[in-house]
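S.K.: The structure file data_4.cif (mmCIF, C-alpha atoms) is provided below.
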data_query
loop_
_atom_site.label_atom_id
_atom_site.label_comp_id
_atom_site.auth_asym_id
_atom_site.auth_seq_id
_atom_site.Cartn_x
_atom_site.Cartn_y
_atom_site.Cartn_z
CA MET E 1 77.75 100.03 110.46
CA LYS E 2 80.52 100.81 107.98
CA VAL E 3 83.57 98.58 107.91
CA HIS E 4 86.03 101.29 106.85
CA VAL E 5 86.22 102.79 110.36
CA PRO E 6 88.24 99.99 112.04
CA CYS E 7 90.44 99.67 108.96
CA GLU E 8 91.32 103.35 109.05
CA THR E 9 91.94 103.27 112.80
CA LEU E 10 94.39 100.39 112.43
CA GLU E 11 96.01 102.12 109.45
CA TYR E 12 96.54 105.25 111.56
CA ILE E 13 98.22 103.18 114.28
CA GLU E 14 100.44 101.40 111.75
CA ALA E 15 101.45 104.63 109.98
CA ASN E 16 102.35 106.58 113.14
CA TYR E 17 105.39 105.26 114.96
CA GLY E 18 105.36 106.03 118.67
CA ALA E 19 101.56 106.14 118.74
CA ALA E 20 101.43 103.77 121.72
CA ALA E 21 103.66 106.01 123.84
CA LEU E 22 101.54 109.02 122.91
CA ALA E 23 98.34 107.19 123.84
CA TRP E 24 99.66 106.34 127.30
CA LYS E 25 101.07 109.81 127.86
CA ASN E 26 98.26 111.89 126.35
CA PRO E 27 95.20 109.79 125.46
CA ILE E 28 93.03 112.79 124.50
CA SER E 29 95.50 113.93 121.84
CA SER E 30 95.91 110.37 120.58
CA TRP E 31 92.13 109.87 120.29
CA PHE E 32 91.65 113.20 118.54
CA THR E 33 94.35 112.52 115.94
CA ALA E 34 92.93 109.03 115.32
CA MET E 35 89.49 110.54 114.67
CA LEU E 36 91.06 113.08 112.32
CA HIS E 37 92.67 110.27 110.38
CA CYS E 38 89.42 108.30 110.20
CA PHE E 39 87.11 111.17 109.28
CA GLY E 40 89.62 113.57 107.70
CA GLY E 41 88.13 113.11 104.24
CA GLY E 42 84.66 114.10 105.41
CA ILE E 43 85.98 117.09 107.36
CA LEU E 44 88.07 118.36 104.45
CA SER E 45 85.29 117.94 101.89
CA CYS E 46 82.85 119.76 104.19
CA LEU E 47 85.27 122.67 104.52
CA LEU E 48 85.70 122.88 100.74
CA LEU E 49 81.93 122.83 100.15
CA ALA E 50 81.16 125.31 102.97
CA GLU E 51 79.34 122.67 105.01
CA PRO E 52 79.62 122.22 108.80
CA PRO E 53 83.03 120.58 109.42
CA LEU E 54 81.64 118.75 112.48
CA LYS E 55 79.01 117.00 110.39
CA PHE E 56 80.75 113.67 110.92
CA LEU E 57 79.94 113.82 114.63
CA ALA E 58 76.26 113.33 113.80
CA ASN E 59 76.93 109.64 113.03
CA ASN E 60 77.25 108.30 116.57
CA THR E 61 77.73 104.71 115.38
CA ASN E 62 80.91 105.49 113.45
CA ILE E 63 82.32 107.61 116.28
CA LEU E 64 81.70 104.90 118.87
CA LEU E 65 83.07 102.18 116.61
CA ALA E 66 86.26 104.11 115.83
CA SER E 67 86.71 105.03 119.50
CA SER E 68 86.25 101.39 120.54
CA ILE E 69 88.86 100.18 118.05
CA TRP E 70 91.25 102.90 119.23
CA TYR E 71 90.74 101.97 122.89
CA ILE E 72 91.13 98.20 122.60
CA THR E 73 94.16 98.63 120.34
CA PHE E 74 96.11 100.72 122.84
CA PHE E 75 94.73 99.52 126.16
CA CYS E 76 93.85 95.87 125.56
CA PRO E 77 95.35 93.53 128.21
CA TYR E 78 98.55 91.79 127.11
CA ASP E 79 98.48 93.83 123.88
CA LEU E 80 96.43 91.14 122.15
CA VAL E 81 94.99 93.34 119.40
CA CYS E 82 98.35 94.65 118.20
CA GLN E 83 99.83 91.16 118.32
CA GLY E 84 96.97 89.88 116.19
CA TYR E 85 97.33 92.72 113.72
CA SER E 86 101.08 92.10 113.41
CA TYR E 87 100.42 89.00 111.27
CA LEU E 88 100.83 89.69 107.57
CA PRO E 89 97.56 88.01 106.43
CA VAL E 90 95.58 90.22 108.80
CA GLN E 91 97.36 93.32 107.55
CA LEU E 92 96.73 92.34 103.93
CA LEU E 93 93.04 91.81 104.66
CA ALA E 94 92.70 95.17 106.41
CA SER E 95 94.61 96.99 103.66
CA GLY E 96 92.46 95.38 100.97
CA MET E 97 89.29 96.46 102.77
CA LYS E 98 90.71 99.96 103.11
CA GLU E 99 91.38 100.21 99.37
CA VAL E 100 87.89 98.95 98.55
CA THR E 101 86.32 101.68 100.67
CA ARG E 102 88.64 104.25 99.06
CA THR E 103 86.87 103.66 95.75
CA TRP E 104 83.45 104.23 97.32
CA LYS E 105 84.70 107.42 98.98
CA ILE E 106 86.03 108.84 95.72
CA VAL E 107 82.81 108.07 93.86
CA GLY E 108 80.76 109.52 96.71
CA GLY E 109 82.84 112.70 96.74
CA VAL E 110 82.55 113.19 92.97
CA THR E 111 78.79 112.63 93.06
CA HIS E 112 78.35 114.92 96.06
CA ALA E 113 80.33 117.74 94.41
CA ASN E 114 78.30 117.37 91.21
CA SER E 115 75.11 118.02 93.21
CA TYR E 116 76.51 121.45 94.15
CA TYR E 117 78.36 122.33 90.93
CA LYS E 118 76.83 120.71 87.88
CA ASN E 119 79.65 119.38 85.66
CA GLY E 120 82.21 121.46 87.58
CA TRP E 121 84.94 118.95 86.95
CA ILE E 122 87.69 120.79 88.88
CA VAL E 123 85.50 120.88 91.99
CA MET E 124 84.55 117.25 91.49
CA ILE E 125 88.20 116.21 91.28
CA ALA E 126 89.08 118.22 94.40
CA ILE E 127 86.21 116.82 96.48
CA GLY E 128 86.79 113.25 95.32
CA TRP E 129 90.47 113.59 96.20
CA ALA E 130 89.69 115.13 99.60
CA ARG E 131 87.09 112.47 100.42
CA GLY E 132 89.35 109.57 99.46
CA ALA E 133 92.68 110.78 100.92
CA GLY E 134 91.66 113.37 103.50
CA GLY E 135 93.34 111.55 106.37
CA THR E 136 96.65 111.62 104.50
CA ILE E 137 96.32 115.22 103.31
CA ILE E 138 95.77 116.63 106.81
CA THR E 139 98.67 114.69 108.29
CA ASN E 140 100.50 117.91 109.13
CA PHE E 141 97.56 119.10 111.21
CA GLU E 142 97.57 115.78 113.07
CA ARG E 143 101.27 116.18 113.85
CA LEU E 144 100.65 119.75 114.96
CA VAL E 145 98.08 118.49 117.47
CA LYS E 146 100.61 115.92 118.75
CA GLY E 147 103.39 118.52 118.90
CA ASP E 148 105.45 116.72 116.23
CA TRP E 149 104.99 119.02 113.22
CA LYS E 150 107.76 118.85 110.60
CA PRO E 151 107.62 121.24 107.63
CA GLU E 152 109.80 118.99 105.47
CA GLY E 153 107.22 116.21 105.74
CA ASP E 154 104.47 118.23 104.08
CA GLU E 155 102.16 116.11 101.94
CA TRP E 156 102.03 118.86 99.32
CA LEU E 157 105.80 118.82 98.89
CA LYS E 158 106.15 115.06 98.62
CA MET E 159 102.91 113.25 97.92
CA SER E 160 102.55 109.73 99.26
CA TYR E 161 101.10 106.74 97.44
CA PRO E 162 97.54 107.12 98.84
CA SER E 163 97.37 110.76 97.76
CA LYS E 164 98.62 110.03 94.25
CA VAL E 165 96.45 107.01 93.60
CA THR E 166 93.39 108.81 95.02
CA LEU E 167 94.03 111.84 92.80
CA LEU E 168 94.29 109.53 89.79
CA GLY E 169 91.03 107.83 90.73
CA SER E 170 89.28 111.15 91.27
CA VAL E 171 90.28 112.32 87.77
CA ILE E 172 89.13 109.05 86.19
CA PHE E 173 85.75 108.98 87.94
CA THR E 174 85.18 112.66 87.18
CA PHE E 175 85.72 112.01 83.47
CA GLN E 176 83.34 109.07 83.68
CA HIS E 177 80.73 111.12 85.52
CA THR E 178 80.89 113.92 82.93
CA GLN E 179 80.57 111.30 80.14
CA HIS E 180 84.05 111.94 78.78
CA LEU E 181 85.02 108.32 79.45
CA ALA E 182 82.96 105.67 77.65
CA ILE E 183 82.66 103.06 80.42
CA SER E 184 79.99 102.25 82.95
CA LYS E 185 80.46 103.33 86.56
CA HIS E 186 80.30 99.81 87.99
CA ASN E 187 82.88 98.44 85.55
CA LEU E 188 85.20 101.36 86.23
CA MET E 189 84.82 100.90 89.99
CA PHE E 190 85.62 97.21 89.64
CA LEU E 191 88.74 97.79 87.52
CA TYR E 192 90.03 100.62 89.70
CA THR E 193 89.46 98.64 92.90
CA ILE E 194 91.30 95.63 91.51
CA PHE E 195 94.19 97.88 90.48
CA ILE E 196 94.65 99.64 93.83
CA VAL E 197 94.16 96.45 95.88
CA ALA E 198 96.69 94.53 93.79
CA THR E 199 99.14 97.44 93.94
CA LYS E 200 98.82 97.79 97.70
CA ILE E 201 99.22 94.07 98.36
CA THR E 202 102.25 93.93 96.08
CA MET E 203 103.86 96.83 97.91
CA MET E 204 103.23 95.18 101.28
CA THR E 205 104.47 91.73 100.30
CA THR E 206 107.60 93.10 98.64
CA GLN E 207 108.13 95.57 101.51
CA THR E 208 108.67 98.54 99.23
CA SER E 209 107.23 102.03 99.44
CA THR E 210 107.85 102.93 95.80
CA MET E 211 104.92 103.10 93.43
CA THR E 212 104.62 100.45 90.75
CA PHE E 213 103.75 103.05 88.08
CA ALA E 214 106.65 105.37 88.98
CA PRO E 215 108.26 104.97 85.48
CA PHE E 216 105.03 106.19 83.87
CA GLU E 217 104.95 109.16 86.24
CA ASP E 218 108.57 110.01 85.48
CA THR E 219 107.99 109.79 81.73
CA LEU E 220 104.91 111.99 81.92
CA SER E 221 106.72 114.60 84.03
CA ARG E 222 109.58 114.70 81.52
CA MET E 223 107.13 115.13 78.64
CA LEU E 224 105.22 117.95 80.34
CA PHE E 225 107.93 119.72 82.35
CA GLY E 226 111.16 118.65 80.66
CA TRP E 227 111.77 122.12 79.19
CA GLN E 228 112.91 123.33 82.61
CA GLN E 229 115.74 120.82 82.87
CA PRO E 230 118.37 122.67 80.69
CA PHE E 231 117.83 125.84 82.73
CA SER E 232 118.16 123.99 86.01
CA SER E 233 121.34 122.24 84.82
CA CYS E 234 122.88 125.60 83.95
CA GLU E 235 121.99 126.85 87.38
CA LYS E 236 123.66 123.86 88.95
CA LYS E 237 126.85 124.45 86.93
CA SER E 238 126.97 128.10 87.94
CA GLU E 239 126.39 127.18 91.57
CA ALA E 240 129.13 124.58 91.36
CA LYS E 241 131.60 127.10 89.93
CA SER E 242 130.86 129.92 92.34
CA PRO E 243 131.95 128.12 95.54
CA SER E 244 135.26 127.08 93.97
CA ASN E 245 135.94 130.63 92.86
CA GLY E 246 135.08 131.90 96.30
CA VAL E 247 137.38 129.40 97.94
CA GLY E 248 140.16 130.30 95.55
CA SER E 249 139.86 134.01 96.25
CA LEU E 250 139.81 133.41 99.98
CA ALA E 251 142.81 131.12 99.77
CA SER E 252 144.78 133.57 97.63
CA LYS E 253 144.38 136.40 100.11
CA PRO E 254 146.56 134.85 102.88
CA VAL E 255 149.23 133.97 100.29
CA ASP E 256 149.36 137.56 99.05
CA VAL E 257 149.56 138.89 102.61
CA ALA E 258 152.37 136.45 103.45
CA SER E 259 154.36 137.49 100.36
CA ASP E 260 153.98 141.18 101.31
CA ASN E 261 155.28 140.44 104.81
CA VAL E 262 158.30 138.60 103.39
CA LYS E 263 159.09 141.53 101.10
CA LYS E 264 158.91 143.99 103.99
CA LYS E 265 161.32 141.84 106.07
CA HIS E 266 163.81 141.71 103.23
CA THR E 267 163.75 145.48 102.78
CA LYS E 268 164.29 146.01 106.52
CA LYS E 269 167.33 143.68 106.47
CA ASN E 270 168.82 145.46 103.48
CA GLU E 271 168.39 148.82 105.20
#
Can you give me the file's structure in the form of structure tokens?

M.R.:
Amino acid sequence: MKVHVPCETLEYIEANYGAAALAWKNPISSWFTAMLHCFGGGILSCLLLAEPPLKFLANNTNILLASSIWYITFFCPYDLVCQGYSYLPVQLLASGMKEVTRTWKIVGGVTHANSYYKNGWIVMIAIGWARGAGGTIITNFERLVKGDWKPEGDEWLKMSYPSKVTLLGSVIFTFQHTQHLAISKHNLMFLYTIFIVATKITMMTTQTSTMTFAPFEDTLSRMLFGWQQPFSSCEKKSEAKSPSNGVGSLASKPVDVASDNVKKKHTKKNE
């Protein structure tokens, strides 16, 4: 019995506001989206490796465990489960367990991809990322099932913290697996797990959604893609000038028409 299933079920409930109303109104849709969030990494990695996407259904224990957690969370008498999970120490414990299992998922995805494509590091990064953050990546499909799909909330347009930190971990473990990083797997797993657990707990205790290594990300993006900034600034200046010119031309037209009308009146009076 794997412990990551109840953690992911509770994380799905915490991340989706209005989940309780959806569960009471349409329990089948709520259960299906919860299973997608729990087993999204396995489904996505199976699709990328041309394996049966319903392979996760073969593990009856995980399905029953996740379904049980989903049921008692939404339909427990007096809402005892949600009240217990509302305490911060319980949330910190569940989030820490979730981040620990994220490391094992990334390593498992990288190793599994290497068995198909020997030293295919791009495939290994993609599968490790999909296995570790699959539930977050397929969020749009979950919202589509619930009838609440929003294009502006696409994970590809604005990546969340789990997607970014999982992608970073997938790159690091791929380099270690291909022997481009001189460190043992167990030591790297320990250091990475400590980093993501400490980061997650800090974000929860400080009640902030910003990443702690955002300055590093901004500096790296400026170093790699900073050459586009002068061109974009010129575009912004041209866009800023064009509306003012348009407004001026539109405003001048009524003034010219009014002056012509005044001239015509004066000529008629003189005649």

S.K.: With distances taken over all atoms listed in the file, which residue among E:Tyr117, E:Phe32, E:Phe39, E:Trp129 lies nearest Pro53 (chain E)?

M.R.: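 Looking only at the distances to Pro53 (chain E), the closest residue turns out to be E:Phe39.
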
S.K.: Mind pulling up the distance from CA of Ala20 (chain E) to CA of Lys105 (chain E)?

M.R.: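 Computing the Euclidean distance for CA of Lys105 (chain E) and CA of Ala20 (chain E) yields 28.5 Å.
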
S.K.: Kindly resolve the PyMOL selection byres ((chain E and resi 188-203) around 9) on the present coordinates and return the residues as a PyMOL selection string.

M.R.: chain E and resi 92+95-104+107+165+169+172-173+176+183-187+204-212

S.K.: Work out how far apart CA of Ala58 (chain E) and CA of Gly120 (chain E) are and give it in Å to one decimal.

M.R.: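 One can read the CA of Ala58 (chain E) to CA of Gly120 (chain E) distance as 28.1 Å.
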
S.K.: Would you please work out which residue, of E:Tyr161, E:Phe225, E:Trp121, E:Tyr116, is nearest to Thr136 (chain E) when using all atoms listed in the file?

M.R.: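 Closest candidate: E:Tyr161.
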